[in-house]
Each structure stands twice: as structure tokens, then as C-alpha cells.
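Structure file input23.txt (compact mmCIF, C-alpha atoms and all ligand atoms) is printed below.
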# COMPACT_ATOMS: atom_id res chain seq x y z
CA MET A 194 -4.64 20.30 21.14
CA ILE A 195 -2.53 19.79 18.03
CA SER A 196 -2.89 22.71 15.60
CA ARG A 197 -2.44 22.91 11.84
CA ASP A 198 0.62 25.09 12.48
CA ASP A 199 2.15 22.31 14.56
CA CYS A 200 1.69 20.01 11.56
CA ALA A 201 3.14 22.58 9.15
CA ALA A 202 6.20 22.78 11.41
CA LEU A 203 6.58 19.01 11.20
CA ASP A 204 6.50 19.28 7.41
CA GLN A 205 9.21 21.94 7.50
CA SER A 206 11.60 19.61 9.28
CA ASP A 207 10.55 16.48 7.35
CA GLU A 208 13.57 14.97 5.59
CA LEU A 209 11.28 13.42 2.94
CA ARG A 210 9.44 16.66 2.12
CA GLY A 211 11.11 17.02 -1.28
CA MET A 212 9.75 13.71 -2.53
CA ARG A 213 6.11 14.65 -3.01
CA SER A 214 6.91 16.57 -6.19
CA GLN A 215 8.00 13.31 -7.82
CA PHE A 216 4.38 12.11 -7.71
CA VAL A 217 1.48 13.15 -9.90
CA LEU A 218 -1.01 14.24 -7.22
CA ASP A 219 -3.44 17.14 -7.23
CA ASP A 220 -2.56 19.56 -4.51
CA ASP A 221 -6.07 19.58 -3.04
CA LEU A 222 -6.30 15.78 -2.92
CA ILE A 223 -5.47 13.90 0.27
CA TYR A 224 -4.58 10.43 -0.84
CA LEU A 225 -4.82 7.92 2.01
CA ASP A 226 -5.14 4.87 -0.21
CA GLY A 227 -1.57 4.20 -1.29
CA ASN A 228 -1.94 0.90 0.58
CA SER A 229 -4.38 -0.13 -2.15
CA LEU A 230 -3.01 1.59 -5.26
CA GLY A 231 0.04 3.82 -5.09
CA PRO A 232 0.03 6.99 -7.24
CA LEU A 233 1.87 7.58 -10.49
CA SER A 234 5.36 9.04 -10.25
CA GLN A 235 7.31 11.04 -12.82
CA SER A 236 9.89 8.28 -13.09
CA VAL A 237 7.25 5.63 -13.86
CA ARG A 238 5.81 7.84 -16.57
CA ALA A 239 9.25 8.47 -18.07
CA ARG A 240 10.32 4.84 -17.93
CA VAL A 241 7.11 3.48 -19.45
CA HIS A 242 7.20 6.07 -22.22
CA ASP A 243 10.78 5.17 -22.98
CA VAL A 244 9.96 1.48 -23.21
CA ILE A 245 6.95 2.18 -25.43
CA ASP A 246 8.58 4.75 -27.72
CA GLN A 247 12.07 3.34 -27.97
CA GLN A 248 12.38 -0.28 -26.92
CA TRP A 249 9.06 -1.45 -28.32
CA ALA A 250 8.39 1.04 -31.14
CA ARG A 251 11.93 1.10 -32.55
CA GLY A 252 13.63 -1.95 -31.12
CA LEU A 253 10.70 -4.29 -31.70
CA VAL A 254 11.52 -7.96 -31.18
CA ARG A 255 15.25 -7.15 -30.98
CA SER A 256 14.61 -5.63 -27.56
CA TRP A 257 14.23 -9.07 -25.97
CA ASN A 258 18.01 -9.23 -26.36
CA ASP A 259 19.13 -5.62 -26.80
CA ALA A 260 17.05 -4.02 -24.04
CA GLY A 261 17.51 -6.87 -21.57
CA TRP A 262 13.84 -7.85 -21.51
CA MET A 263 14.66 -11.52 -20.94
CA ALA A 264 16.69 -10.74 -17.85
CA ALA A 265 14.19 -8.26 -16.40
CA PRO A 266 12.43 -10.65 -13.95
CA THR A 267 15.64 -11.44 -12.09
CA VAL A 268 17.35 -8.06 -12.59
CA LEU A 269 14.32 -6.35 -11.06
CA GLY A 270 14.13 -9.09 -8.45
CA ASP A 271 17.57 -8.02 -7.26
CA ARG A 272 16.30 -4.44 -7.01
CA VAL A 273 13.29 -5.50 -4.92
CA ALA A 274 15.45 -7.74 -2.69
CA PRO A 275 16.74 -4.95 -0.39
CA PHE A 276 13.15 -3.96 0.46
CA ILE A 277 12.67 -7.33 2.15
CA GLY A 278 16.21 -7.91 3.41
CA ALA A 279 16.95 -10.58 0.79
CA ARG A 280 20.21 -11.14 -1.06
CA ASP A 281 20.95 -11.00 -4.78
CA GLY A 282 19.55 -14.03 -6.57
CA GLU A 283 16.77 -14.67 -4.06
CA VAL A 284 13.91 -12.68 -5.62
CA VAL A 285 12.13 -12.86 -8.96
CA VAL A 286 9.49 -10.48 -10.33
CA ALA A 287 6.64 -12.10 -12.27
CA ASP A 288 2.89 -12.60 -12.54
CA THR A 289 0.63 -11.10 -9.89
CA LEU A 290 0.61 -12.05 -6.26
CA THR A 291 -1.98 -14.83 -6.12
CA PHE A 292 -0.16 -16.72 -8.88
CA LEU A 293 3.17 -16.48 -7.09
CA LEU A 294 1.56 -17.60 -3.83
CA ALA A 295 0.26 -20.65 -5.70
CA LYS A 296 3.74 -21.48 -6.94
CA LEU A 297 5.31 -21.11 -3.52
CA VAL A 298 2.60 -23.09 -1.70
CA GLY A 299 3.00 -25.89 -4.25
CA ALA A 300 6.80 -25.83 -3.95
CA ALA A 301 6.64 -25.88 -0.16
CA LEU A 302 4.22 -28.82 -0.06
CA ASP A 303 6.55 -30.82 -2.27
CA LEU A 304 9.42 -30.10 0.12
CA ARG A 305 7.57 -31.68 3.08
CA PRO A 306 5.99 -34.79 1.44
CA ASP A 307 5.53 -36.58 4.75
CA ARG A 308 3.47 -33.77 6.32
CA HIS A 309 -0.21 -33.13 5.72
CA VAL A 310 -1.28 -29.79 7.18
CA ILE A 311 -1.13 -26.16 6.08
CA ILE A 312 -1.84 -23.60 8.78
CA THR A 313 -3.10 -20.15 7.99
CA ASP A 314 -4.84 -17.20 9.62
CA GLU A 315 -8.63 -16.83 9.56
CA ALA A 316 -8.15 -13.07 9.06
CA ASN A 317 -5.95 -13.69 6.03
CA PHE A 318 -6.70 -12.08 2.68
CA HIS A 319 -9.35 -14.14 0.88
CA SER A 320 -7.21 -14.73 -2.23
CA ASP A 321 -4.55 -16.36 -0.04
CA LEU A 322 -7.16 -18.67 1.46
CA TYR A 323 -8.58 -19.62 -1.93
CA ILE A 324 -5.23 -20.41 -3.48
CA ILE A 325 -3.96 -22.32 -0.45
CA GLU A 326 -7.09 -24.52 -0.57
CA ALA A 327 -6.68 -25.01 -4.32
CA MET A 328 -3.03 -26.01 -4.04
CA ALA A 329 -3.75 -28.31 -1.09
CA LYS A 330 -6.32 -30.16 -3.24
CA ARG A 331 -3.71 -30.59 -5.96
CA ALA A 332 -0.86 -31.73 -3.71
CA GLY A 333 -1.06 -35.36 -4.85
CA ARG A 334 -1.82 -36.46 -1.28
CA PRO A 335 -4.46 -35.48 1.30
CA VAL A 336 -3.54 -32.09 2.76
CA GLU A 337 -5.71 -30.40 5.36
CA VAL A 338 -5.87 -26.60 5.52
CA LYS A 339 -6.37 -25.35 9.06
CA VAL A 340 -7.67 -21.78 9.05
CA LEU A 341 -7.14 -20.65 12.63
CA ALA A 342 -7.60 -17.66 14.88
CA ARG A 343 -4.26 -15.86 15.02
CA ALA A 344 -3.75 -16.56 18.71
CA ASP A 345 -4.24 -20.31 18.19
CA ILE A 346 -1.54 -20.67 15.53
CA PRO A 347 1.52 -21.22 17.76
CA GLY A 348 -0.27 -23.98 19.70
CA ALA A 349 -1.25 -25.76 16.48
CA LEU A 350 2.31 -26.20 15.18
CA SER A 351 2.60 -29.99 15.38
CA ASN A 352 5.00 -32.26 13.52
CA ASP A 353 2.37 -32.81 10.80
CA VAL A 354 2.50 -29.20 9.65
CA ALA A 355 4.15 -28.77 6.25
CA LEU A 356 3.61 -25.04 5.80
CA VAL A 357 2.48 -21.94 7.66
CA GLU A 358 1.20 -19.14 5.40
CA LEU A 359 0.62 -15.70 6.94
CA THR A 360 0.04 -12.17 5.76
CA HIS A 361 2.53 -10.05 7.65
CA VAL A 362 0.47 -6.85 7.92
CA ASP A 363 -3.26 -7.45 8.28
CA PHE A 364 -5.03 -5.84 5.33
CA ARG A 365 -7.99 -4.78 7.46
CA THR A 366 -6.60 -3.79 10.84
CA GLY A 367 -3.02 -2.89 9.95
CA GLU A 368 -1.70 -5.19 12.67
CA MET A 369 1.87 -6.34 11.95
CA LEU A 370 2.80 -9.87 12.98
CA ASP A 371 6.18 -10.82 14.43
CA LEU A 372 8.22 -12.03 11.45
CA HIS A 373 11.11 -13.39 13.51
CA GLU A 374 9.09 -15.08 16.22
CA LEU A 375 6.51 -16.79 14.00
CA THR A 376 9.19 -17.92 11.53
CA SER A 377 11.21 -19.53 14.28
CA LEU A 378 8.12 -21.12 15.85
CA ALA A 379 7.26 -22.69 12.48
CA HIS A 380 10.84 -23.92 12.11
CA ASP A 381 10.86 -25.36 15.64
CA ALA A 382 7.99 -27.58 14.50
CA GLY A 383 9.89 -28.56 11.34
CA ALA A 384 7.45 -26.61 9.16
CA LEU A 385 8.19 -24.14 6.39
CA ILE A 386 6.83 -20.61 6.36
CA LEU A 387 5.51 -18.42 3.55
CA TRP A 388 4.90 -14.74 4.24
CA ASP A 389 2.62 -12.50 2.19
CA PHE A 390 4.19 -9.02 2.19
CA ALA A 391 1.44 -7.24 0.19
CA HIS A 392 0.95 -4.64 2.93
CA SER A 393 4.54 -4.70 4.17
CA VAL A 394 6.88 -4.09 1.26
CA GLY A 395 7.75 -0.41 1.03
CA ALA A 396 5.72 0.14 4.21
CA VAL A 397 7.88 -1.39 6.95
CA PRO A 398 11.50 -2.58 7.09
CA LEU A 399 11.73 -6.33 6.49
CA ASP A 400 14.54 -8.76 7.14
CA VAL A 401 13.91 -12.17 5.59
CA THR A 402 17.60 -13.06 5.95
CA GLY A 403 17.78 -12.21 9.64
CA ALA A 404 14.51 -14.00 10.31
CA ASN A 405 15.58 -17.00 8.17
CA VAL A 406 12.32 -16.90 6.20
CA ASP A 407 11.79 -19.72 3.72
CA PHE A 408 9.38 -18.15 1.22
CA ALA A 409 7.76 -14.77 0.73
CA ALA A 410 5.82 -12.90 -1.92
CA GLY A 411 4.32 -9.47 -2.33
CA CYS A 412 2.88 -7.04 -4.82
CA SER A 413 4.22 -3.82 -6.29
CA TYR A 414 1.08 -1.74 -6.83
CA LYS A 415 0.60 -0.67 -3.21
CA TYR A 416 3.48 1.02 -1.36
CA LEU A 417 5.96 0.48 -4.21
CA ASN A 418 3.71 2.53 -6.56
CA ALA A 419 4.25 0.40 -9.68
CA GLY A 420 0.72 0.86 -11.03
CA PRO A 421 -2.56 -1.05 -11.23
CA GLY A 422 -1.99 -4.79 -11.67
CA GLY A 423 1.76 -4.26 -11.31
CA PRO A 424 3.92 -7.39 -11.14
CA ALA A 425 4.47 -9.39 -7.98
CA PHE A 426 7.70 -10.74 -6.52
CA ALA A 427 8.66 -14.05 -4.95
CA TYR A 428 11.50 -14.79 -2.57
CA ILE A 429 12.99 -18.23 -1.93
CA ARG A 430 15.90 -18.52 0.48
CA ARG A 431 19.06 -19.39 -1.41
CA ASP A 432 19.68 -22.80 0.17
CA LEU A 433 16.14 -23.95 -0.67
CA GLN A 434 16.31 -23.00 -4.34
CA PRO A 435 18.04 -26.19 -5.58
CA LEU A 436 15.50 -28.27 -3.65
CA VAL A 437 12.24 -26.76 -4.94
CA THR A 438 10.39 -27.04 -8.22
CA ASN A 439 7.95 -24.60 -9.77
CA PRO A 440 4.57 -26.35 -9.83
CA LEU A 441 3.48 -24.18 -12.78
CA PRO A 442 6.37 -24.65 -15.21
CA GLY A 443 6.55 -22.84 -18.51
CA TRP A 444 9.00 -22.23 -21.30
CA LEU A 445 10.57 -19.10 -19.83
CA GLY A 446 11.54 -20.96 -16.66
CA HIS A 447 13.33 -23.57 -18.75
CA ALA A 448 17.11 -23.71 -18.72
CA ARG A 449 17.14 -23.12 -22.50
CA PRO A 450 13.79 -21.67 -23.64
CA PHE A 451 14.87 -21.27 -27.24
CA ASP A 452 15.98 -24.85 -27.64
CA PHE A 453 12.25 -25.72 -27.58
CA GLU A 454 12.97 -29.01 -25.84
CA LEU A 455 10.03 -31.28 -25.10
CA GLU A 456 11.36 -32.19 -21.63
CA TYR A 457 11.17 -29.50 -18.98
CA GLU A 458 14.52 -28.72 -17.40
CA PRO A 459 14.30 -25.81 -14.94
CA ALA A 460 16.66 -22.89 -15.16
CA SER A 461 18.81 -22.48 -12.09
CA GLY A 462 17.84 -20.16 -9.26
CA MET A 463 14.80 -17.92 -9.22
CA ARG A 464 14.46 -17.88 -13.01
CA ALA A 465 12.80 -21.31 -12.69
CA PHE A 466 9.82 -19.57 -11.08
CA VAL A 467 9.15 -17.53 -14.21
CA THR A 468 6.45 -19.32 -16.16
CA SER A 469 5.58 -17.22 -19.16
CA SER A 470 6.40 -14.03 -21.03
CA PRO A 471 7.09 -11.16 -18.65
CA SER A 472 4.77 -8.19 -18.98
CA ILE A 473 7.43 -5.73 -20.11
CA LEU A 474 5.33 -2.57 -19.77
CA ALA A 475 4.39 -3.52 -16.22
CA LEU A 476 8.02 -4.29 -15.43
CA ALA A 477 9.00 -0.90 -16.86
CA ALA A 478 6.55 0.76 -14.48
CA LEU A 479 8.05 -1.16 -11.58
CA GLU A 480 11.54 -0.13 -12.64
CA GLY A 481 10.47 3.52 -12.71
CA SER A 482 8.77 3.24 -9.35
CA LEU A 483 11.88 1.80 -7.74
CA ASP A 484 13.87 4.79 -9.02
CA THR A 485 11.89 7.13 -6.73
CA TRP A 486 13.09 5.17 -3.72
CA GLN A 487 16.72 6.00 -4.43
CA ALA A 488 16.23 9.33 -2.66
CA THR A 489 15.41 7.72 0.69
CA THR A 490 15.84 4.71 2.97
CA MET A 491 13.38 2.35 4.66
CA PRO A 492 14.33 3.49 8.19
CA ALA A 493 13.52 7.10 7.21
CA VAL A 494 10.23 5.99 5.65
CA ARG A 495 9.34 3.93 8.72
CA LYS A 496 10.11 6.81 11.08
CA LYS A 497 7.78 9.14 9.20
CA SER A 498 5.11 6.45 8.75
CA LEU A 499 4.90 5.97 12.52
CA ALA A 500 4.80 9.73 13.08
CA LEU A 501 1.95 10.08 10.54
CA THR A 502 -0.10 7.23 11.97
CA ASP A 503 0.51 8.39 15.56
CA LEU A 504 -0.66 11.87 14.57
CA PHE A 505 -3.78 10.56 12.84
CA ILE A 506 -4.78 8.40 15.81
CA GLU A 507 -4.17 11.26 18.23
CA LEU A 508 -6.17 13.76 16.16
CA VAL A 509 -9.07 11.33 15.69
CA GLU A 510 -9.21 10.79 19.42
CA GLN A 511 -8.88 14.49 20.24
CA ARG A 512 -11.48 15.63 17.75
CA LEU A 513 -13.91 12.73 17.70
CA GLY A 514 -13.64 11.17 21.15
CA ASP A 515 -14.90 7.61 21.04
CA THR A 516 -16.92 7.94 17.81
CA PHE A 517 -14.58 5.38 16.28
CA ASP A 518 -12.94 2.29 17.63
CA VAL A 519 -9.25 2.47 16.60
CA VAL A 520 -8.54 -1.16 15.72
CA THR A 521 -4.92 -0.67 14.63
CA PRO A 522 -2.45 -1.52 17.41
CA ARG A 523 -0.93 1.43 19.29
CA GLU A 524 2.40 -0.32 19.81
CA HIS A 525 4.76 0.62 17.03
CA HIS A 526 6.21 -2.87 16.66
CA ARG A 527 2.69 -4.21 15.95
CA ARG A 528 1.62 -1.56 13.44
CA GLY A 529 2.00 -1.45 9.65
CA SER A 530 1.53 1.81 7.74
CA GLN A 531 -2.25 2.13 7.87
CA VAL A 532 -4.89 3.01 10.44
CA ALA A 533 -8.25 1.26 10.60
CA LEU A 534 -11.23 2.85 12.31
CA ARG A 535 -14.33 0.80 13.09
CA HIS A 536 -17.79 2.33 12.74
CA GLN A 537 -21.12 0.80 11.73
CA HIS A 538 -21.48 3.36 8.91
CA SER A 539 -17.95 3.03 7.57
CA TYR A 540 -18.97 2.63 3.93
CA GLY A 541 -20.93 5.89 3.90
CA ILE A 542 -18.22 7.68 5.86
CA ILE A 543 -15.57 6.75 3.29
CA GLN A 544 -17.82 7.78 0.39
CA ALA A 545 -18.57 11.12 2.02
CA LEU A 546 -14.85 11.67 2.60
CA ILE A 547 -14.07 10.86 -1.04
CA GLU A 548 -16.56 13.55 -2.08
CA ARG A 549 -14.52 15.89 0.08
CA ASN A 550 -11.29 14.88 -1.72
CA VAL A 551 -9.99 12.65 1.04
CA ILE A 552 -9.50 9.17 -0.37
CA GLY A 553 -9.45 6.19 1.95
CA ASP A 554 -11.26 2.90 1.54
CA PHE A 555 -13.83 0.68 3.15
CA ARG A 556 -13.22 -2.90 4.15
CA ASP A 557 -16.15 -5.10 4.92
CA PRO A 558 -17.88 -5.26 7.34
CA ASP A 559 -17.21 -2.02 9.22
CA ILE A 560 -13.69 -0.69 8.66
CA CYS A 561 -12.62 2.74 7.40
CA ARG A 562 -9.06 2.15 6.21
CA PHE A 563 -6.47 4.88 5.78
CA GLY A 564 -3.00 4.24 4.38
CA PHE A 565 -0.13 6.58 5.22
CA THR A 566 2.60 6.72 2.64
CA PRO A 567 5.53 8.85 3.76
CA LEU A 568 6.90 9.50 0.26
CA TYR A 569 4.14 11.97 -0.60
CA LEU A 570 2.00 12.63 2.46
CA ARG A 571 2.41 15.78 4.50
CA PHE A 572 1.62 16.18 8.17
CA VAL A 573 -0.88 18.92 7.23
CA ASP A 574 -2.65 16.35 5.04
CA VAL A 575 -3.27 14.30 8.16
CA PHE A 576 -4.62 17.35 9.97
CA ASP A 577 -6.86 18.31 7.05
CA ALA A 578 -8.13 14.74 6.60
CA VAL A 579 -9.27 14.65 10.22
CA GLU A 580 -10.94 18.06 9.77
CA GLN A 581 -12.93 16.60 6.89
CA LEU A 582 -13.78 13.51 8.92
CA VAL A 583 -15.08 15.75 11.70
CA ALA A 584 -17.27 17.58 9.17
CA VAL A 585 -18.61 14.32 7.72
CA MET A 586 -19.55 13.10 11.18
CA ALA A 587 -21.00 16.42 12.36
CA GLY A 588 -23.27 16.67 9.33
CA ASP A 589 -24.27 12.98 9.33
CA GLU A 590 -23.22 13.05 5.67
CA TYR A 591 -22.56 9.33 5.68
CA LEU A 592 -26.30 8.64 6.03
CA ASP A 593 -27.08 10.11 2.62
CA GLU A 594 -28.98 7.65 0.47
CA ARG A 595 -26.40 8.04 -2.32
CA PHE A 596 -24.21 5.83 -0.20
CA ALA A 597 -26.78 3.10 0.41
CA MET A 598 -25.59 1.05 -2.60
CA ARG A 599 -22.02 -0.20 -2.55
CA SER A 600 -19.81 0.18 -5.61
CA LEU A 601 -18.02 -2.81 -7.08
CA VAL A 602 -14.68 -1.65 -5.65
CA THR A 603 -14.94 -0.36 -2.10
C1 LIG B 701 -2.68 -9.43 1.48
C2 LIG B 701 -2.98 -9.63 0.04
N1 LIG B 701 -2.67 -10.81 -0.53
C3 LIG B 701 -2.95 -11.07 -1.81
C4 LIG B 701 -3.54 -10.12 -2.62
C5 LIG B 701 -3.86 -10.46 -4.05
O1 LIG B 701 -3.04 -9.80 -4.93
P1 LIG B 701 -3.15 -10.02 -6.54
O2 LIG B 701 -4.43 -9.37 -6.97
O3 LIG B 701 -1.95 -9.32 -7.07
O4 LIG B 701 -3.15 -11.46 -6.80
C6 LIG B 701 -3.84 -8.86 -2.09
C7 LIG B 701 -4.45 -7.81 -2.92
O5 LIG B 701 -4.69 -6.70 -2.53
C8 LIG B 701 -3.57 -8.62 -0.71
O6 LIG B 701 -3.89 -7.45 -0.14
Any chance you could give the structure as C-alpha cells?
Amino acid sequence: MISRDDCAALDQSDELRGMRSQFVLDDDLIYLDGNSLGPLSQSVRARVHDVIDQQWARGLVRSWNDAGWMAAPTVLGDRVAPFIGARDGEVVVADTLTFLLAKLVGAALDLRPDRHVIITDEANFHSDLYIIEAMAKRAGRPVEVKVLARADIPGALSNDVALVELTHVDFRTGEMLDLHELTSLAHDAGALILWDFAHSVGAVPLDVTGANVDFAAGCSYKYLNAGPGGPAFAYIRRDLQPLVTNPLPGWLGHARPFDFELEYEPASGMRAFVTSSPSILALAALEGSLDTWQATTMPAVRKKSLALTDLFIELVEQRLGDTFDVVTPREHHRRGSQVALRHQHSYGIIQALIERNVIGDFRDPDICRFGFTPLYLRFVDVFDAVEQLVAVMAGDEYLDERFAMRSLVT
């Protein structure tokens, strides 16, 4: 049996243990939802205050030039690039994720005009499915969207496939797909691939260059901790950039926005995928959030993430037997940074846990989802969270009628 002391010993030798103090977290709160919304950090607070009080309040409109606001989407893109294994000039920060997915799907369809199929995963995030359908309808030619069971995707890669769009870490189960293998299978069929890294960036090491990925996008408000509605990022491999066009052009993606020309001429590189005014306060929060990462590396984060998720799975099994079905893969190479437990009363279980200061979330229809973020989670938090789960189950707390009605956000 693993004891709380064993967990405390793991915390003692944890090389990331000093990082928790950079986050604004109550000591008695166990936050297992950083895969939905990462917490505030001191550096985000400082950076946002600086932008509000100095750049905006004092600099006013001059700050577009003086504080580098115009360059922020690509400057920050270069700072996000190492998280996904991209090179300078391959990433831009803009919009939110669904918008950037739309741009990349549209760009990819234009690059394969003689192909008529998009393949995606039936377990994909619903926003991905909606925007893929919408862009397919607007492709200027008939494009069929095939929404397939994951296992059927490799067999469906015919020479009519223009694009494969996949979410790399499953938002429900935490299963991680094989970036290298699926990218090369898509390429073997002459198709392009677009990866959604919403649950991957800052959670697992990524190597778009090594895997020769064509397109990718992700958000910053989960594991990167850039705040609610934080900006998204898009990656386009360098050699594809001169070949693609932004299907949602706007003045700030123009080569010379302040010439106010009536003809659209795209800026070179990733700047062409900026459409409209960057949200400077949101970009400031992202900048601050990236500062916290300077104290660590992705391999160190991954090592601790796997140790945390292993510990959670082991404790759940030790303490609760087969009460839950652990749907997250046991193999490390197939696991993101979350653990999903299946139970018919998952909604009530999560609500009862939240009342006990353990925050996870519920994903329809029957998943309790727990995210493990190594920057601020301690091994004792994992132990204590399972203790609380045991108490919730022992007291049938999840059956309380308070939990019969679902909130808007689950
Ligand atoms: C996998 C995945 N894709 C897309 C989105 C949509 O992101 P946004 O609201 O930034 O458009 C989310 C949101 O959580 C997500 O988890």
C-alpha cells in the first residue's frame, strides 16, 4: 500500500517542487483541472498589470510601435514554437483555437484542389467537427467529411483524401495518438495532416519538425496557463507557407496594413494568418505564462506527469478496486497528462469532490476527468485527492439531489 509519507518523500526529491509558489493556488485546494483552465501565475499577473498600467495607460496608441504590440503575434509564436518542436517563423499566436482550425482547414483544402475528402476522428472535440464541416461546405467544390472510428482511419487513407484532422490527446480519455506514425500514413496517401494540440501543448513533448507535420494548432489556456479565453497558436511548416493562403484575410495579415490598399496582398510567413487586431491583454497574459516555463524543461515535466498519473491510477485501484473503469491507457507512450475514470454517476462524483476542494471535471456521458499538471501539483495532492474520492464513494455523496441538475459548465 502506498502511504502519504511515501508521497511526501516523492515531493522532497521532486525537481519541480519550487515551482508551485509561482502560482496563485490556495493551499487546501487540489486543482486537477489545469487541462481545462490553468491557474493564474505571479508572472501573468505582473505582466498583465504592466501592460495595463504602463503600455496602455501611459503609452496609449504609441504602444503599437513602442511596446512592440504589432509584432507580438509572431514574437510570441516563436516563444511557443519550442513547445511543439517547431522552428522560428513557423508559429503565430492569434484568435482562439476554433478560428485558427478554420483557417488551417481552409488553407489545406486549397492546397489539394483535386482531392475531395477530409478524414477525422469520431471522438474528436465537437468544435473541430463543426468547423471542419463548415469549411468543407465552403471549399468551392464538393468535399466530403468522413468522421471515422479511430481504428478505421489508416485504412481509409485513399488518394482522394485532402486532409486528415486529429486531436492528438483525446479530451475525454486522455489517449495520446502516434504523431509520427499517423503523419507519415497521411503523407503516404498524399494527404496533408492538421493536428489539434489543445490537450498536448505543455502536457507532453511534441516534435512537429521530426514528424514532418504540415499544420497544427492549439490553445494556451490549458497547460500553458495563459488564462480564460487565452489566445491560440497555429503552426505551418516552413516550406508550405509560401503555398498557402489565409481563407479569412484581414488588414493585419496584409503586407502593408497602414497603406490601406484595396487589394489584399498577404504578408510573408505566418503573419499572413493574423486577421485582425491582436488582443494585447490576452497576449500579455500568455507572455507572462511562458515566463514560468523558463525554470523547467518539457522532459522534466513529462517525467513528473507520468509519475503523477501512474500514482493516481495505482491509488484508485488500491483503494477503490473496480469501482471505476480506468479508460486512460496504461502505456506511457499512449497517455497524455490526464486520467479519465468511467462511472455511471460521474457528474455527481465530480460535484461532490468539488465540495471537498478537489477540482476535476465531468465529460459527458460518464467520465470523471482529472488533469495532472506537474508545475504545481504535489504527490501528496494525488494521495489526498484519492482519499477524498474514497470518502465520496463510501458515503454515496454523489447521489445527493443537489447534483441531479447539471450546471452549464461541467
Ligand atoms: C481539443 C479541443 N479542440 C478545440 C477546442 C476549442 O477551443 P476554443 O474554445 O479556443 O476555440 C477545445 C476546447 O477546449 C479542445 O479541447
Do a neighbour search on Val585 (chain A) at 10 Å with all atoms listed in the file, toss out local chain neighbours closer than 6 positions, and write the hits as a ChimeraX atom specification. /A:541-546,549,579,591-592
Could you please extract the residues within 9 Å of ligand LIG 701 (chain B), counting all atoms listed in the file, and hand them back as a PyMOL selection string? chain A and resi 228-230+288-294+317-321+359-364+389-392+410-415+422-425
CA of Trp486 (chain A) to CA of Thr366 (chain A), straight-line distance in Å: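 Calculated distance between CA of Thr366 (chain A) and CA of Trp486 (chain A) is 26.1 Å.
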For region 385-456 of chain A versus region 524-532 of chain A, which residues have an atom no more than 8 Å away, and what is each residue's nearest atom pair and distance in Å rounded to one decimal, using all atoms listed in the file, chain-then-number order, as JSON lines?
{"residue": "A:His392", "atom": "CA", "partner": "A:Gly529", "partner_atom": "CA", "distance": 7.5}
{"residue": "A:Ser393", "atom": "CA", "partner": "A:Gly529", "partner_atom": "CA", "distance": 6.9}
{"residue": "A:Ala396", "atom": "CA", "partner": "A:Ser530", "partner_atom": "CA", "distance": 5.7}
{"residue": "A:Val397", "atom": "CA", "partner": "A:Gly529", "partner_atom": "CA", "distance": 6.5}
When you count only C-alpha atoms, which of these residues is closest to Met212 (chain A): A:Val573, A:Val494, A:Ala344, A:Val354?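 Of all the options, A:Val494 lies closest to Met212 (chain A).
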Find the residues near Pro440 (chain A): any atom within 12 Å, counting all atoms listed in the file, skip ones fewer than 4 places away on the same chain, and give them as a list in words.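 The neighbour list is Phe292, Leu293, Leu294, Ala295, Lys296, Leu297, Val298, Gly299, Ala300, Ala301, Leu302, Asp303, Leu304, Met328, Arg331, Ala332, Gly333, Gly446, Tyr457, Pro459, Ala465, Phe466, Val467 and Thr468 of chain A.
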Closest of A:Val338, A:Leu441, A:Ile547, A:Val406 to Glu590 (chain A), counting all atoms listed in the file, is A:Ile547
Calculate how many Å separate CA of Ile245 (chain A) from CA of Val285 (chain A), rounding to one decimal.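 If I compute the distance from CA of Ile245 (chain A) to CA of Val285 (chain A), I get 22.9 Å.
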Any chance you could build region 492-505 of chain A out to N, CA and C atoms and write it as a CSV table (one decimal), in the frame of the given file?
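Written output follows (selection.csv):
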chain,number,residue,atom,x,y,z
A,492,PRO,N,14.5,3.0,6.8
A,492,PRO,CA,14.3,3.5,8.2
A,492,PRO,C,13.7,4.9,8.2
A,493,ALA,N,14.1,5.7,7.2
A,493,ALA,CA,13.5,7.1,7.2
A,493,ALA,C,12.0,7.0,6.9
A,494,VAL,N,11.6,6.1,6.0
A,494,VAL,CA,10.2,6.0,5.6
A,494,VAL,C,9.4,5.5,6.9
A,495,ARG,N,10.0,4.5,7.6
A,495,ARG,CA,9.3,3.9,8.7
A,495,ARG,C,9.1,5.0,9.8
A,496,LYS,N,10.2,5.8,10.0
A,496,LYS,CA,10.1,6.8,11.1
A,496,LYS,C,8.9,7.8,10.8
A,497,LYS,N,8.9,8.2,9.5
A,497,LYS,CA,7.8,9.1,9.2
A,497,LYS,C,6.4,8.4,9.2
A,498,SER,N,6.4,7.2,8.8
A,498,SER,CA,5.1,6.4,8.8
A,498,SER,C,4.5,6.4,10.2
A,499,LEU,N,5.4,6.1,11.1
A,499,LEU,CA,4.9,6.0,12.5
A,499,LEU,C,4.5,7.3,13.0
A,500,ALA,N,5.2,8.4,12.6
A,500,ALA,CA,4.8,9.7,13.1
A,500,ALA,C,3.4,10.1,12.5
A,501,LEU,N,3.2,9.8,11.2
A,501,LEU,CA,2.0,10.1,10.5
A,501,LEU,C,0.8,9.3,11.2
A,502,THR,N,1.0,8.0,11.4
A,502,THR,CA,-0.1,7.2,12.0
A,502,THR,C,-0.4,7.6,13.4
A,503,ASP,N,0.7,7.9,14.2
A,503,ASP,CA,0.5,8.4,15.6
A,503,ASP,C,-0.3,9.7,15.5
A,504,LEU,N,0.0,10.6,14.6
A,504,LEU,CA,-0.7,11.9,14.6
A,504,LEU,C,-2.1,11.7,14.2
A,505,PHE,N,-2.4,10.8,13.3
A,505,PHE,CA,-3.8,10.6,12.8
A,505,PHE,C,-4.6,10.0,14.0
